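Asks: Please see the structure below; I have some questions.
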Amino acid sequence: MKLKYLKIISIIISFALCFPLHFLYDKFPCFLTSVIAPVNESIWEHMKILFGSIIISGIIELIIIKYKKITSNNVLFANFIAAIFSIPIFLIIYLPIYNAIGENLPATIFIMLIAIVISEIISCFVMKLKPLKLETISIFLIILTYVIFGVLTYFTPQKSLFLDPVNITYGIS
């Protein structure tokens with residue numbers, strides 16, 4: 001299996017994971033799910049979906065790489081980069097559209113797919129670089145990102161990005 005086919009599989013898995021991640025906290029409300037899944041309908045909380053789906057897909061990707069002996073480097077780091085870059089990529093495309101026409105579910109879903117595709121392309125380039133020896137720090141960065149998500153879920157800034165437009169609240173209820 002070639003790396004580009006693996007990345008196509010990762011795009012499909014990441015996109016498919018967005019849907020169960022969206023409803024994870026609703027089905028299993030607890031501290032852990034509040035950190036990894038959206039607790040309300042704010043734009044910011046939905047960034048957990050992008051980040052988490054790419055990280056989970058990256059773990060699956062790592063298993064496939066080990067099992068199929070696919071030549072690649074920097075797998076964890078590449079997936080962290082993809083996950084973290086998906087957030088600004090999504091926001092740069094989504095916010096002007098949201099500000100112009102408001103919430104549009106098909107457009108939002110399509111923009112999430114675009115963000116995932118662009119992010120996976122970036123990660124493919126990182127995986128083709130010489131070994132950077134950043135795998136251990138990547139685990140720390142993933143955990144740190146989830147700590148930041150958790151802090152911002154429980155101590156939410158009163159900014160429009162964090163506003164739940166459905167319930168007119170911020171953060172966890």
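Lettering and numbering for the structure tokens are positional, with chains as A, B, ... in the shown order, residues counted from 1 in each chain, and ligands counted from 1 in the shown order.
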Please identify the strand (DSSP E) residues within chain A (assignment by DSSP from backbone atoms) and present them as a PyMOL selection string.
Replies: chain A and resi 163-164+169-170
Asks: Find the spatial neighbours of Ser123 of chain A, counting only C-alpha atoms, within a cut-off of 9 Å - ignore same-chain residues fewer than 2 positions away - and output them as a PyMOL selection string.
Replies: chain A and resi 7+75+77-83+118-121+125-128
Asks: What's the separation between atom CA of Phe149 of chain A and atom CA of Val166 of chain A, in Å to one decimal place?
Replies: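 Spanning atom CA of Phe149 of chain A to atom CA of Val166 of chain A is a straight-line distance of 20.4 Å.
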Asks: Could you pull out the residues in chain A that DSSP calls helix (DSSP H, G or I) from the backbone, as number ranges by chain?
Replies: A: 3-27, 31-36, 47-68, 75-101, 105-128, 135-154, 160-162
Asks: Quick one: everything within 12 Å of Cys30 of chain A, counting only C-alpha atoms, minus sequence neighbours fewer than 5 positions away in the same chain. Send it as JSON, numbers by chain.
Replies: {"A": [24, 25, 35, 36, 37, 38, 39, 150, 172]}
Asks: Measuring atom to atom with only C-alpha atoms, identify which of A:Pro88, A:Gly102, A:Pro131, A:Pro165 is nearest to Ala115 of chain A.
Replies: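 Checking each of A:Pro88, A:Gly102, A:Pro131, A:Pro165 against Ala115 of chain A, counting only C-alpha atoms, the winner is A:Pro88.
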Asks: Quick one: residues within 10 Å of Leu76 of chain A, only C-alpha atoms, excluding same-chain residues fewer than 4 positions away - as a list in words?
Replies: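 Once the nearby chain positions are removed, what remains is Ile55, Gly58, Ile59, Glu61, Leu62, Phe80, Ile81, Ala82, Ser123, Met127, Leu134, Glu135, Thr136, Ile137, Ser138, Ile139 and Ile142 of chain A.
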Asks: Selection from above, C-alpha atoms, as a tab-separated table (two decimals), in the first residue's frame, can you write it?
Replies:
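Output saved as selection-v3.tsv:
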chain	number	residue	atom	x	y	z
A	55	ILE	CA	-5.96	12.10	15.80
A	58	GLY	CA	-3.81	8.92	12.80
A	59	ILE	CA	-3.70	6.17	15.42
A	61	GLU	CA	-2.94	4.97	10.31
A	62	LEU	CA	0.01	4.22	12.61
A	80	PHE	CA	-0.69	16.24	15.13
A	81	ILE	CA	0.19	18.87	12.50
A	82	ALA	CA	-2.81	17.79	10.40
A	123	SER	CA	0.53	15.53	6.91
A	127	MET	CA	5.51	12.01	6.60
A	134	LEU	CA	9.43	14.43	17.29
A	135	GLU	CA	7.21	11.44	18.02
A	136	THR	CA	7.50	11.70	21.82
A	137	ILE	CA	6.88	15.43	21.86
A	138	SER	CA	3.89	14.85	19.57
A	139	ILE	CA	2.19	12.80	22.28
A	142	ILE	CA	-1.74	16.10	21.64
Asks: List the spatial neighbours of His46 of chain A as JSON, numbers by chain - criterion: any atom at most 12 Å away, only C-alpha atoms, same-chain residues fewer than 2 positions off excluded.
Replies: {"A": [18, 19, 21, 22, 23, 24, 25, 34, 35, 36, 37, 38, 39, 40, 41, 42, 43, 44, 48, 49, 50, 51, 52, 53, 86, 87, 90, 91, 94, 108, 109, 112, 149, 153, 161, 162, 163, 164, 171]}
Asks: Go ahead and save the picked residues with C-alpha atoms, as a PDB file, in the first residue's frame.
Replies:
ATOM      1  CA  CYS A  18     -16.848  13.479  12.736  1.00  0.00           C
ATOM      2  CA  PHE A  19     -20.425  12.281  13.050  1.00  0.00           C
ATOM      3  CA  LEU A  21     -17.790  12.529  17.784  1.00  0.00           C
ATOM      4  CA  HIS A  22     -20.445  15.214  17.356  1.00  0.00           C
ATOM      5  CA  PHE A  23     -22.906  13.260  19.492  1.00  0.00           C
ATOM      6  CA  LEU A  24     -20.469  11.605  21.922  1.00  0.00           C
ATOM      7  CA  TYR A  25     -21.003  14.035  24.813  1.00  0.00           C
ATOM      8  CA  SER A  34     -16.581  16.935  27.518  1.00  0.00           C
ATOM      9  CA  VAL A  35     -12.889  17.359  26.743  1.00  0.00           C
ATOM     10  CA  ILE A  36     -12.851  15.374  23.486  1.00  0.00           C
ATOM     11  CA  ALA A  37     -16.312  16.151  22.047  1.00  0.00           C
ATOM     12  CA  PRO A  38     -18.461  19.277  21.720  1.00  0.00           C
ATOM     13  CA  VAL A  39     -20.638  20.113  24.715  1.00  0.00           C
ATOM     14  CA  ASN A  40     -22.685  22.714  22.832  1.00  0.00           C
ATOM     15  CA  GLU A  41     -23.232  24.068  19.337  1.00  0.00           C
ATOM     16  CA  SER A  42     -20.550  26.778  19.397  1.00  0.00           C
ATOM     17  CA  ILE A  43     -18.094  26.977  16.542  1.00  0.00           C
ATOM     18  CA  TRP A  44     -15.161  26.462  18.928  1.00  0.00           C
ATOM     19  CA  LYS A  48     -12.782  19.238  18.916  1.00  0.00           C
ATOM     20  CA  ILE A  49     -14.477  17.125  16.235  1.00  0.00           C
ATOM     21  CA  LEU A  50     -11.875  17.986  13.604  1.00  0.00           C
ATOM     22  CA  PHE A  51      -8.945  17.563  15.944  1.00  0.00           C
ATOM     23  CA  GLY A  52     -10.188  14.309  17.454  1.00  0.00           C
ATOM     24  CA  SER A  53     -11.215  12.668  14.210  1.00  0.00           C
ATOM     25  CA  SER A  86      -7.426  21.628  10.423  1.00  0.00           C
ATOM     26  CA  ILE A  87      -8.745  24.148  12.953  1.00  0.00           C
ATOM     27  CA  PHE A  90     -11.768  25.296   8.782  1.00  0.00           C
ATOM     28  CA  LEU A  91     -12.194  28.684  10.475  1.00  0.00           C
ATOM     29  CA  TYR A  94     -16.135  28.772   7.464  1.00  0.00           C
ATOM     30  CA  THR A 108     -20.459  23.187   7.225  1.00  0.00           C
ATOM     31  CA  ILE A 109     -20.065  19.480   6.511  1.00  0.00           C
ATOM     32  CA  MET A 112     -15.088  20.107   7.353  1.00  0.00           C
ATOM     33  CA  PHE A 149      -9.821  22.162  24.942  1.00  0.00           C
ATOM     34  CA  THR A 153     -14.789  24.139  27.801  1.00  0.00           C
ATOM     35  CA  LEU A 161     -16.483  31.974  18.604  1.00  0.00           C
ATOM     36  CA  PHE A 162     -17.430  30.275  21.897  1.00  0.00           C
ATOM     37  CA  LEU A 163     -21.132  31.255  21.898  1.00  0.00           C
ATOM     38  CA  ASP A 164     -23.661  28.456  21.549  1.00  0.00           C
ATOM     39  CA  GLY A 171     -19.034  26.422  27.525  1.00  0.00           C
TER      40      GLY A 171
END
Asks: Provide the atom CA of Ser57 of chain A to atom CA of Ile9 of chain A distance in Å, to one decimal place.
Replies: 8.8 Å
Asks: Could you please determine the separation between atom CA of Lys130 of chain A and atom CA of Asn74 of chain A in Å, to one decimal place?
Replies: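 These atoms are spaced 8.1 Å apart.
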Asks: Between A:Leu3, A:Ile148, A:Lys133, A:Thr169, which one has atoms that come closest to Lys68 of chain A, using only C-alpha atoms?
Replies: A:Leu3
Asks: Could you check the closest approach to Ala16 of chain A for each of A:Ala100, A:Gln158, A:Ile54, A:Ile65 and tell me which residue wins, using only C-alpha atoms?
Replies: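 Result for the nearest residue to Ala16 of chain A: A:Ile54.
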